[in-house]
>>> print(open('work24.txt').read())   # compact mmCIF, C-alpha atoms
# COMPACT_ATOMS: atom_id res chain seq x y z
CA MET A 1 -8.35 3.10 11.13
CA ARG A 2 -6.29 1.03 8.77
CA LYS A 3 -6.10 1.60 5.11
CA GLY A 4 -6.54 -1.87 3.62
CA ASP A 5 -6.80 -2.42 -0.07
CA GLY A 6 -10.58 -2.22 -0.23
CA TYR A 7 -12.67 -2.80 -3.34
CA ARG A 8 -10.47 -0.89 -5.71
CA ASN A 9 -10.71 -0.05 -9.38
CA ILE A 10 -12.49 -3.23 -10.40
CA ILE A 11 -11.96 -2.53 -14.09
CA VAL A 12 -8.33 -1.52 -14.39
CA GLN A 13 -6.73 -1.30 -10.95
CA MET A 14 -7.77 -3.57 -8.16
CA LYS A 15 -5.07 -4.29 -5.61
CA ASP A 16 -4.93 -7.90 -4.81
CA SER A 17 -2.18 -10.43 -4.47
CA SER A 18 -2.85 -12.41 -7.62
CA LYS A 19 -1.69 -12.16 -11.18
CA ASN A 20 -4.29 -11.59 -13.87
CA ASP A 21 -4.60 -15.30 -14.54
CA GLY A 22 -7.97 -16.16 -13.06
CA VAL A 23 -9.11 -16.97 -9.55
CA ARG A 24 -6.78 -18.81 -7.19
CA GLY A 25 -7.68 -20.72 -4.09
CA ALA A 26 -11.31 -19.71 -4.15
CA GLY A 27 -12.84 -23.17 -4.15
CA PRO A 28 -15.00 -24.84 -6.77
CA ASP A 29 -17.13 -22.74 -9.06
CA THR A 30 -20.69 -23.97 -9.33
CA GLY A 31 -21.45 -21.58 -12.14
CA GLU A 32 -23.85 -19.52 -10.07
CA GLY A 33 -23.45 -15.77 -10.05
CA ALA A 34 -20.96 -15.23 -12.87
CA GLY A 35 -18.01 -16.93 -11.29
CA PHE A 36 -18.84 -16.26 -7.66
CA GLY A 37 -19.01 -19.97 -6.89
CA GLY A 38 -22.48 -20.25 -5.38
CA ALA A 39 -24.91 -18.09 -3.47
CA ASN A 40 -23.86 -19.43 -0.07
CA ILE A 41 -20.35 -18.03 -0.22
CA THR A 42 -20.18 -14.80 1.80
CA THR A 43 -17.71 -11.94 1.64
CA GLY A 44 -16.67 -12.78 5.19
CA SER A 45 -15.72 -16.33 4.27
CA LEU A 46 -13.78 -15.15 1.23
CA GLY A 47 -11.98 -12.34 3.01
CA GLU A 48 -10.96 -9.10 1.34
CA PHE A 49 -8.43 -10.58 -1.04
CA GLY A 50 -10.51 -13.62 -1.88
CA LEU A 51 -13.33 -11.29 -2.89
CA ILE A 52 -10.93 -9.23 -4.98
CA ASP A 53 -9.75 -12.43 -6.68
CA ARG A 54 -13.37 -13.13 -7.58
CA LEU A 55 -14.10 -9.64 -8.82
CA ALA A 56 -10.88 -9.56 -10.81
CA GLU A 57 -12.44 -11.94 -13.33
CA PHE A 58 -14.60 -9.09 -14.55
CA GLY A 59 -11.72 -6.70 -15.15
CA VAL A 60 -8.73 -8.62 -16.45
CA ALA A 61 -7.16 -7.02 -19.49
CA GLU A 62 -7.99 -9.99 -21.71
CA ASN A 63 -11.70 -9.24 -21.24
CA LEU A 64 -11.46 -5.60 -22.34
CA ALA A 65 -12.12 -4.39 -25.87
CA ASN A 66 -8.90 -2.31 -25.80
CA ALA A 67 -6.79 -4.77 -23.84
CA GLU A 68 -3.54 -3.41 -25.25
CA SER A 69 -4.11 -0.10 -23.45
CA VAL A 70 -3.76 -1.75 -20.01
CA LEU A 71 -0.02 -1.97 -19.36
CA THR A 72 -0.28 -2.93 -15.68
CA GLY A 73 -3.70 -3.77 -14.34
CA ILE A 74 -5.25 -5.55 -11.38
CA GLY A 75 -2.78 -6.61 -8.72
CA ASP A 76 -0.42 -3.64 -8.35
CA ASP A 77 -0.47 -0.44 -6.31
CA ALA A 78 -1.74 1.52 -9.31
CA ALA A 79 -2.81 0.79 -12.84
CA VAL A 80 -0.68 1.89 -15.77
CA VAL A 81 -2.64 2.59 -18.93
CA SER A 82 -1.67 3.81 -22.36
CA THR A 83 -3.43 6.90 -23.71
CA PRO A 84 -2.95 8.86 -26.96
CA SER A 85 -0.87 11.38 -24.99
CA GLY A 86 1.27 8.81 -23.15
CA GLU A 87 1.18 6.46 -20.17
CA MET A 88 -0.91 7.31 -17.10
CA LEU A 89 -1.03 5.93 -13.57
CA LEU A 90 -4.43 5.49 -11.90
CA THR A 91 -5.25 4.77 -8.27
CA THR A 92 -8.04 5.35 -5.76
CA ASP A 93 -8.62 5.00 -2.02
CA ALA A 94 -11.67 5.42 0.18
CA ILE A 95 -11.82 6.11 3.92
CA VAL A 96 -14.92 5.54 6.03
CA ASP A 97 -15.81 6.88 9.47
CA GLY A 98 -15.51 4.09 12.04
CA VAL A 99 -13.26 1.99 9.80
CA HIS A 100 -10.30 4.19 8.83
CA PHE A 101 -10.81 7.11 11.21
CA ARG A 102 -12.97 8.20 14.15
CA SER A 103 -14.93 11.40 13.71
CA VAL A 104 -14.99 11.80 17.50
CA ASP A 105 -11.23 12.50 17.40
CA GLU A 106 -11.94 15.60 15.28
CA ARG A 107 -8.46 15.55 13.77
CA TRP A 108 -9.78 16.59 10.39
CA TYR A 109 -6.59 18.23 9.13
CA ASP A 110 -4.60 15.09 9.96
CA ILE A 111 -7.24 12.84 8.42
CA GLY A 112 -7.16 14.89 5.22
CA TRP A 113 -3.38 14.59 5.15
CA LYS A 114 -3.41 10.85 5.72
CA CYS A 115 -6.12 10.12 3.16
CA THR A 116 -4.07 12.00 0.59
CA VAL A 117 -0.85 10.22 1.55
CA SER A 118 -2.47 6.81 1.08
CA ASN A 119 -3.08 7.73 -2.56
CA LEU A 120 0.27 9.43 -3.06
CA SER A 121 1.96 6.32 -1.67
CA ASP A 122 0.34 4.20 -4.37
CA ILE A 123 1.90 6.42 -7.01
CA ALA A 124 5.22 6.33 -5.13
CA ALA A 125 5.08 2.54 -5.05
CA MET A 126 5.06 2.56 -8.84
CA GLY A 127 7.94 5.05 -9.00
CA GLY A 128 5.58 7.60 -10.52
CA VAL A 129 4.85 11.32 -10.31
CA PRO A 130 1.43 12.38 -8.90
CA ASP A 131 -0.71 14.69 -11.04
CA HIS A 132 -4.44 15.26 -10.52
CA ALA A 133 -7.06 14.19 -7.99
CA LEU A 134 -10.85 13.91 -7.92
CA VAL A 135 -12.43 13.87 -4.46
CA THR A 136 -15.85 12.41 -3.57
CA LEU A 137 -17.30 13.38 -0.21
CA GLY A 138 -20.04 11.45 1.59
CA VAL A 139 -21.65 14.05 3.85
CA PRO A 140 -23.98 13.10 6.75
CA LYS A 141 -26.90 15.39 7.54
CA GLY A 142 -25.96 18.17 9.91
CA ALA A 143 -22.21 17.81 9.35
CA SER A 144 -20.23 20.96 10.13
CA ALA A 145 -18.73 22.80 7.17
CA VAL A 146 -15.62 23.38 9.30
CA THR A 147 -15.02 19.61 9.22
CA PHE A 148 -14.53 19.63 5.47
CA THR A 149 -12.62 22.93 5.46
CA ASP A 150 -10.06 21.44 7.84
CA PHE A 151 -10.02 18.17 5.90
CA TYR A 152 -9.29 19.97 2.64
CA SER A 153 -6.58 22.04 4.33
CA GLY A 154 -4.73 18.88 5.34
CA MET A 155 -5.31 17.29 1.97
CA ASN A 156 -4.05 20.30 0.02
CA GLU A 157 -1.01 20.61 2.30
CA ALA A 158 0.00 17.04 1.48
CA PHE A 159 -0.47 17.60 -2.25
CA ALA A 160 1.54 20.84 -2.05
CA GLU A 161 4.44 19.06 -0.35
CA PHE A 162 4.56 15.84 -2.37
CA GLY A 163 2.93 16.66 -5.70
CA GLY A 164 -0.53 16.59 -7.25
CA ARG A 165 -3.57 18.82 -6.89
CA VAL A 166 -7.35 18.55 -6.55
CA VAL A 167 -9.15 19.38 -9.80
CA GLY A 168 -12.74 18.31 -9.05
CA GLY A 169 -14.95 15.67 -7.53
CA ASP A 170 -18.45 15.06 -6.18
CA VAL A 171 -20.50 15.57 -3.03
CA VAL A 172 -23.22 13.10 -2.01
CA SER A 173 -25.44 12.64 1.02
CA SER A 174 -24.48 9.63 3.14
CA PRO A 175 -25.50 8.20 6.54
CA THR A 176 -21.77 7.76 7.28
CA MET A 177 -19.01 10.16 6.40
CA PHE A 178 -16.61 8.88 3.78
CA VAL A 179 -14.06 10.32 1.41
CA ASN A 180 -12.77 8.80 -1.81
CA ILE A 181 -9.78 10.19 -3.72
CA ALA A 182 -9.00 9.10 -7.27
CA LEU A 183 -5.49 10.15 -8.26
CA THR A 184 -3.66 10.15 -11.58
CA GLY A 185 0.06 10.26 -12.19
CA HIS A 186 2.65 9.58 -14.84
CA PRO A 187 5.69 7.30 -14.97
CA SER A 188 9.21 8.50 -14.32
CA HIS A 189 12.24 7.49 -16.41
CA ASP A 190 14.98 4.92 -16.05
CA ALA A 191 18.69 5.67 -16.52
CA GLY A 192 18.28 5.34 -20.29
CA GLY A 193 15.50 7.92 -20.45
CA ALA A 194 12.69 5.45 -21.15
CA THR A 195 9.45 5.58 -19.17
CA ALA A 196 9.41 2.85 -16.54
CA TRP A 197 7.53 1.85 -13.42
CA LEU A 198 7.79 -0.54 -10.49
CA ARG A 199 5.76 -3.74 -10.28
CA ARG A 200 5.04 -6.47 -7.77
CA ASP A 201 5.73 -9.33 -10.17
CA ALA A 202 9.38 -8.55 -10.98
CA ALA A 203 11.23 -10.03 -7.97
CA GLN A 204 14.11 -12.31 -8.93
CA VAL A 205 15.92 -14.99 -6.91
CA GLY A 206 19.05 -13.51 -5.37
CA ASP A 207 17.54 -10.02 -5.00
CA LEU A 208 17.93 -8.30 -1.65
CA VAL A 209 14.70 -7.23 0.06
CA CYS A 210 14.81 -3.65 1.35
CA VAL A 211 12.62 -1.08 3.08
CA THR A 212 12.96 2.69 2.97
CA GLY A 213 12.45 3.38 6.68
CA ALA A 214 11.41 2.21 10.13
CA LEU A 215 8.23 0.15 10.44
CA GLY A 216 5.54 -0.25 13.09
CA GLY A 217 5.28 3.39 14.11
CA SER A 218 1.80 3.89 12.74
CA ALA A 219 0.45 0.71 14.32
CA GLY A 220 2.08 1.69 17.60
CA GLY A 221 0.52 5.13 17.34
CA LEU A 222 -2.89 3.58 16.90
CA GLU A 223 -2.38 1.46 20.03
CA VAL A 224 -1.32 4.56 22.00
CA LEU A 225 -4.27 6.54 20.69
CA LEU A 226 -6.79 3.87 21.65
CA ALA A 227 -5.21 3.50 25.11
CA GLY A 228 -5.24 7.25 25.75
CA ASP A 229 -1.56 7.22 26.75
CA THR A 230 0.04 10.68 27.01
CA ASN A 231 3.69 9.61 27.17
CA PRO A 232 5.77 11.86 24.82
CA SER A 233 7.21 8.82 23.04
CA GLY A 234 3.68 7.55 22.54
CA GLN A 235 2.60 10.89 21.11
CA ALA A 236 5.49 10.73 18.65
CA LEU A 237 4.02 7.44 17.45
CA VAL A 238 0.55 9.01 17.21
CA ASP A 239 2.10 11.65 14.96
CA ARG A 240 3.56 8.86 12.80
CA HIS A 241 0.08 7.36 12.59
CA PHE A 242 -1.64 10.55 11.49
CA ARG A 243 1.14 12.20 9.49
CA PRO A 244 2.97 9.55 7.42
CA THR A 245 5.29 10.48 4.56
CA PRO A 246 4.81 9.07 1.05
CA ARG A 247 8.13 8.11 -0.52
CA VAL A 248 7.50 9.77 -3.88
CA LYS A 249 11.07 10.99 -4.46
CA THR A 250 12.51 7.67 -3.35
CA GLY A 251 10.23 5.77 -5.73
CA ILE A 252 11.50 7.87 -8.62
CA GLN A 253 15.10 7.21 -7.55
CA LEU A 254 14.40 3.48 -7.46
CA VAL A 255 13.28 3.58 -11.09
CA GLU A 256 16.28 5.69 -12.09
CA SER A 257 18.60 3.18 -10.41
CA GLY A 258 17.17 0.16 -12.22
CA VAL A 259 14.92 -1.30 -9.53
CA LEU A 260 12.03 -3.23 -11.08
CA CYS A 261 9.99 -4.57 -8.14
CA ALA A 262 8.36 -2.63 -5.28
CA MET A 263 5.18 -1.88 -3.37
CA ASP A 264 4.23 0.23 -0.36
CA VAL A 265 3.76 -1.09 3.18
CA SER A 266 0.14 -0.22 3.80
CA ASP A 267 -1.33 -3.41 5.30
CA GLY A 268 1.68 -4.80 7.20
CA LEU A 269 5.16 -5.88 6.08
CA VAL A 270 4.59 -9.65 6.08
CA GLY A 271 1.13 -9.44 4.52
CA ASP A 272 2.30 -7.06 1.82
CA LEU A 273 5.38 -9.15 1.07
CA GLU A 274 3.09 -12.16 0.68
CA LYS A 275 1.30 -10.26 -2.09
CA LEU A 276 4.61 -9.44 -3.75
CA ALA A 277 5.86 -13.02 -3.40
CA ARG A 278 2.64 -14.35 -4.85
CA ALA A 279 2.76 -11.95 -7.79
CA SER A 280 6.37 -12.96 -8.54
CA ASP A 281 6.05 -16.68 -7.60
CA VAL A 282 9.06 -16.44 -5.29
CA GLU A 283 10.05 -17.33 -1.74
CA ILE A 284 11.14 -14.40 0.45
CA ALA A 285 13.22 -14.84 3.60
CA ILE A 286 13.13 -11.99 6.15
CA ASP A 287 15.73 -11.54 8.90
CA MET A 288 13.67 -10.27 11.81
CA ALA A 289 16.67 -8.65 13.53
CA ASP A 290 17.25 -6.43 10.49
CA VAL A 291 13.74 -4.95 10.36
CA PRO A 292 14.17 -1.27 11.38
CA LEU A 293 12.07 -0.04 14.33
CA PRO A 294 11.43 3.50 15.59
CA THR A 295 13.15 4.09 18.93
CA GLU A 296 9.83 5.31 20.37
CA LEU A 297 8.21 2.02 19.41
CA ILE A 298 10.85 0.02 21.27
CA PHE A 299 10.51 2.28 24.31
CA MET A 300 6.73 1.98 24.42
CA PHE A 301 6.27 -1.68 23.48
CA GLY A 302 9.53 -3.47 24.23
CA THR A 303 9.70 -6.96 22.74
CA SER A 304 6.23 -6.53 21.22
CA ALA A 305 7.55 -3.79 18.93
CA ILE A 306 8.71 -6.28 16.30
CA ASP A 307 5.24 -7.71 15.86
CA LEU A 308 3.86 -4.21 15.29
CA ALA A 309 6.54 -3.74 12.64
CA LEU A 310 5.86 -7.10 10.96
CA GLY A 311 2.07 -6.87 10.99
CA GLY A 312 1.12 -3.24 11.50
CA GLY A 313 -0.04 -1.21 8.53
CA GLU A 314 -0.04 2.37 7.27
CA ASP A 315 3.67 3.12 7.53
CA TYR A 316 3.71 3.88 3.79
CA GLU A 317 7.38 3.04 3.46
CA LEU A 318 8.37 1.25 0.25
CA VAL A 319 9.55 -2.35 0.22
CA PHE A 320 11.47 -3.42 -2.86
CA THR A 321 13.76 -6.11 -4.23
CA ALA A 322 16.91 -5.50 -6.25
CA PRO A 323 20.32 -7.02 -6.99
CA GLU A 324 23.08 -6.24 -4.47
CA ASN A 325 24.97 -3.85 -6.78
CA ILE A 326 21.89 -1.68 -7.25
CA VAL A 327 21.19 -1.65 -3.51
CA GLU A 328 24.78 -0.62 -2.77
CA THR A 329 24.44 2.30 -5.18
CA LEU A 330 21.15 3.37 -3.64
CA ARG A 331 22.57 3.33 -0.11
CA ARG A 332 25.29 5.86 -0.92
CA PRO A 333 24.31 9.24 0.58
CA ARG A 334 23.27 11.81 -2.01
CA GLY A 335 21.46 14.85 -0.67
CA GLN A 336 17.94 13.80 0.25
CA GLY A 337 18.52 10.45 -1.41
CA THR A 338 17.95 6.92 -0.27
CA ALA A 339 20.79 6.45 2.24
CA GLY A 340 18.21 5.31 4.80
CA ILE A 341 17.48 2.08 2.94
CA HIS A 342 17.58 -1.05 5.11
CA VAL A 343 18.27 -4.58 3.82
CA ILE A 344 15.90 -6.93 5.66
CA GLY A 345 16.13 -10.15 3.69
CA ARG A 346 16.46 -11.77 0.31
CA VAL A 347 14.54 -13.52 -2.43
CA ALA A 348 15.52 -17.07 -1.56
CA GLY A 349 13.82 -19.09 -4.27
CA ASP A 350 11.91 -18.82 -7.52
CA GLU A 351 9.27 -20.87 -9.30
CA VAL A 352 7.24 -21.03 -6.08
CA PRO A 353 3.58 -21.04 -7.19
CA GLY A 354 1.58 -18.71 -4.97
CA GLY A 355 4.76 -17.40 -3.35
CA ASP A 356 5.93 -17.74 0.25
CA VAL A 357 7.34 -15.50 2.98
CA LYS A 358 9.38 -16.82 5.90
CA VAL A 359 10.60 -14.79 8.89
CA PHE A 360 13.72 -15.90 10.77
CA ASP A 361 14.80 -14.73 14.22
CA ALA A 362 18.35 -13.80 15.26
CA GLY A 363 19.16 -17.47 15.92
CA GLY A 364 18.02 -18.56 12.47
CA ALA A 365 14.82 -20.20 13.72
CA LEU A 366 11.56 -19.77 11.85
CA TYR A 367 9.36 -17.14 13.52
CA ASP A 368 5.58 -17.06 13.22
CA PRO A 369 4.39 -13.44 13.45
CA ILE A 370 1.44 -12.78 15.76
CA ARG A 371 -0.27 -10.87 12.98
CA LYS A 372 0.59 -10.64 9.30
CA GLY A 373 -1.50 -7.76 8.02
CA TRP A 374 -4.91 -6.21 7.64
CA ASP A 375 -7.92 -7.66 5.80
CA HIS A 376 -10.97 -5.40 5.65
CA LEU A 377 -13.40 -8.31 5.51
CA ASP A 378 -11.62 -10.49 8.04
CA GLY A 379 -9.81 -7.92 10.14
>>> encode(input="work24.txt", output="structure tokens")
Amino acid sequence: MRKGDGYRNIIVQMKDSSKNDGVRGAGPDTGEGAGFGGANITTGSLGEFGLIDRLAEFGVAENLANAESVLTGIGDDAAVVSTPSGEMLLTTDAIVDGVHFRSVDERWYDIGWKCTVSNLSDIAAMGGVPDHALVTLGVPKGASAVTFTDFYSGMNEAFAEFGGRVVGGDVVSSPTMFVNIALTGHPSHDAGGATAWLRRDAAQVGDLVCVTGALGGSAGGLEVLLAGDTNPSGQALVDRHFRPTPRVKTGIQLVESGVLCAMDVSDGLVGDLEKLARASDVEIAIDMADVPLPTELIFMFGTSAIDLALGGGEDYELVFTAPENIVETLRRPRGQGTAGIHVIGRVAGDEVPGGDVKVFDAGGALYDPIRKGWDHLDG
């Protein structure tokens, strides 16, 4: 029931933690299988992001005939491409029964909402504006039409609230229900009026590391759901799990304020920051005591709440880095602005090949999180 990055947009937008500079850390290449390093290497041994590193070789901009049209490609939350009518954002997410949701729960409206939010959050993470969606449905034999009616109701409600609309798609027969949404968007504008977007590879030493809201609520909700707990605080967490909010407006405000580097927290704070640190070749230091937690999470899980916040996914808050003066400006209340921003750490060093993330407890000691994030192939 976690989002994960999946096998995304192999040609122009595959989310992994590497820059578009070849395969890192994948072991020797024997030349077998077009860069896959030998027939005995399995997807399980590579893990999700190792596999994406491998597949990225086929889609880096340098290999494309119109390479100049790819402005931001593999490795970010969405691709940014140049078209004759302007820049466009591209993203896609798939959900599969038994992996991302359980059909036995029959919460089809909520599942439609959440599937949509996972895509909207990718656009938000780039500071963009969502536009149009194509939806592919994998329909098992005998599936109730009401299932998809409720799913579409939740999906359309999310688009109506945060932007975007469904304009088409496909329906195929499948032994397992799945849904894939491909969403387009367009960039917003910086203070000077130029189109701009957020990237993972723009963190600079001295930047503060910030998040846009409390973390761990979705992971806590999943734990409550699986345990069958009916405590009201637990049900509030379940609602966080099924009905997250994409930070589309906040992403636009980040761009307007001069922020350059951001991503969404979809696979766990530490794991996602490792991707950002790797893309920017920086070291990030996180102050564990400053990570914001929902009060319900603390009530339900006590001292374990922090590990759900550090390693739990699907909160869909934004994590970003920016100089202190920009952060101070963003934290000033302005209507429905970004006054809820929390500073949780800093970019402590640069020129760190492969990046690094360290978590420190209240006493300044290094803390090793119990879990760091979600990997679909090694989860």
>>> residues_around(input="work24.txt", residues="A:Phe101", least_positions_apart="6", cutoff="12 Å", atoms="all atoms listed in the file", output="short mmCIF file (atom, residue, chain, number, x, y, z; two decimals) with C-alpha atoms, in the coordinates of the input")
data_model
loop_
_atom_site.label_atom_id
_atom_site.label_comp_id
_atom_site.auth_asym_id
_atom_site.auth_seq_id
_atom_site.Cartn_x
_atom_site.Cartn_y
_atom_site.Cartn_z
CA MET A 1 -8.35 3.10 11.13
CA ARG A 2 -6.29 1.03 8.77
CA LYS A 3 -6.10 1.60 5.11
CA ALA A 94 -11.67 5.42 0.18
CA ILE A 95 -11.82 6.11 3.92
CA ARG A 107 -8.46 15.55 13.77
CA TRP A 108 -9.78 16.59 10.39
CA ASP A 110 -4.60 15.09 9.96
CA ILE A 111 -7.24 12.84 8.42
CA GLY A 112 -7.16 14.89 5.22
CA LYS A 114 -3.41 10.85 5.72
CA CYS A 115 -6.12 10.12 3.16
CA THR A 176 -21.77 7.76 7.28
CA MET A 177 -19.01 10.16 6.40
CA PHE A 178 -16.61 8.88 3.78
CA VAL A 179 -14.06 10.32 1.41
CA LEU A 222 -2.89 3.58 16.90
CA LEU A 225 -4.27 6.54 20.69
CA LEU A 226 -6.79 3.87 21.65
CA HIS A 241 0.08 7.36 12.59
CA PHE A 242 -1.64 10.55 11.49
#
>>> residues_around(input="work24.txt", residues="A:Lys141", least_positions_apart="4", cutoff="12 Å", atoms="only C-alpha atoms", output="list in words")
Ala145, Val172, Ser173, Ser174, Pro175, Thr176 and Met177 of chain A
>>> atom_distance(input="work24.txt", atom1="atom CA of A:Ala125", atom2="atom CA of A:Glu314")
13.3 Å
>>> atom_distance(input="work24.txt", atom1="atom CA of A:Ile326", atom2="atom CA of A:Gly258")
7.1 Å
>>> atom_distance(input="work24.txt", atom1="atom CA of A:Arg346", atom2="atom CA of A:Thr295")
24.7 Å
>>> residues_near_point(input="work24.txt", point="(-8.0, 10.1, -9.7)", cutoff="8 Å", atoms="all atoms listed in the file", output="list in words")
Leu90, Thr91, Thr92, His132, Ala133, Leu134, Val135, Ile181, Ala182, Leu183 and Thr184 of chain A
>>> build_atoms(input="work24.txt", residues="stretch 358-369 of chain A", atoms="N, CA and C atoms", output="CSV table (one decimal), in the frame of the given file")
chain,number,residue,atom,x,y,z
A,358,LYS,N,8.9,-16.2,4.6
A,358,LYS,CA,9.4,-16.8,5.9
A,358,LYS,C,10.1,-15.7,6.7
A,359,VAL,N,9.9,-15.7,8.0
A,359,VAL,CA,10.6,-14.8,8.9
A,359,VAL,C,11.5,-15.6,9.8
A,360,PHE,N,12.8,-15.2,9.9
A,360,PHE,CA,13.7,-15.9,10.8
A,360,PHE,C,14.2,-15.0,11.9
A,361,ASP,N,14.3,-15.5,13.1
A,361,ASP,CA,14.8,-14.7,14.2
A,361,ASP,C,16.3,-14.7,14.2
A,362,ALA,N,16.9,-14.0,15.2
A,362,ALA,CA,18.4,-13.8,15.3
A,362,ALA,C,19.1,-15.1,15.3
A,363,GLY,N,18.5,-16.2,15.8
A,363,GLY,CA,19.2,-17.5,15.9
A,363,GLY,C,19.0,-18.3,14.7
A,364,GLY,N,18.3,-17.8,13.7
A,364,GLY,CA,18.0,-18.6,12.5
A,364,GLY,C,16.8,-19.4,12.5
A,365,ALA,N,16.0,-19.4,13.6
A,365,ALA,CA,14.8,-20.2,13.7
A,365,ALA,C,13.7,-19.5,13.0
A,366,LEU,N,12.8,-20.3,12.5
A,366,LEU,CA,11.6,-19.8,11.8
A,366,LEU,C,10.7,-19.1,12.9
A,367,TYR,N,10.2,-17.9,12.6
A,367,TYR,CA,9.4,-17.1,13.5
A,367,TYR,C,8.0,-17.0,12.9
A,368,ASP,N,7.0,-17.2,13.7
A,368,ASP,CA,5.6,-17.1,13.2
A,368,ASP,C,5.0,-15.8,13.8
A,369,PRO,N,4.9,-14.7,13.0
A,369,PRO,CA,4.4,-13.4,13.4
A,369,PRO,C,3.0,-13.6,14.1
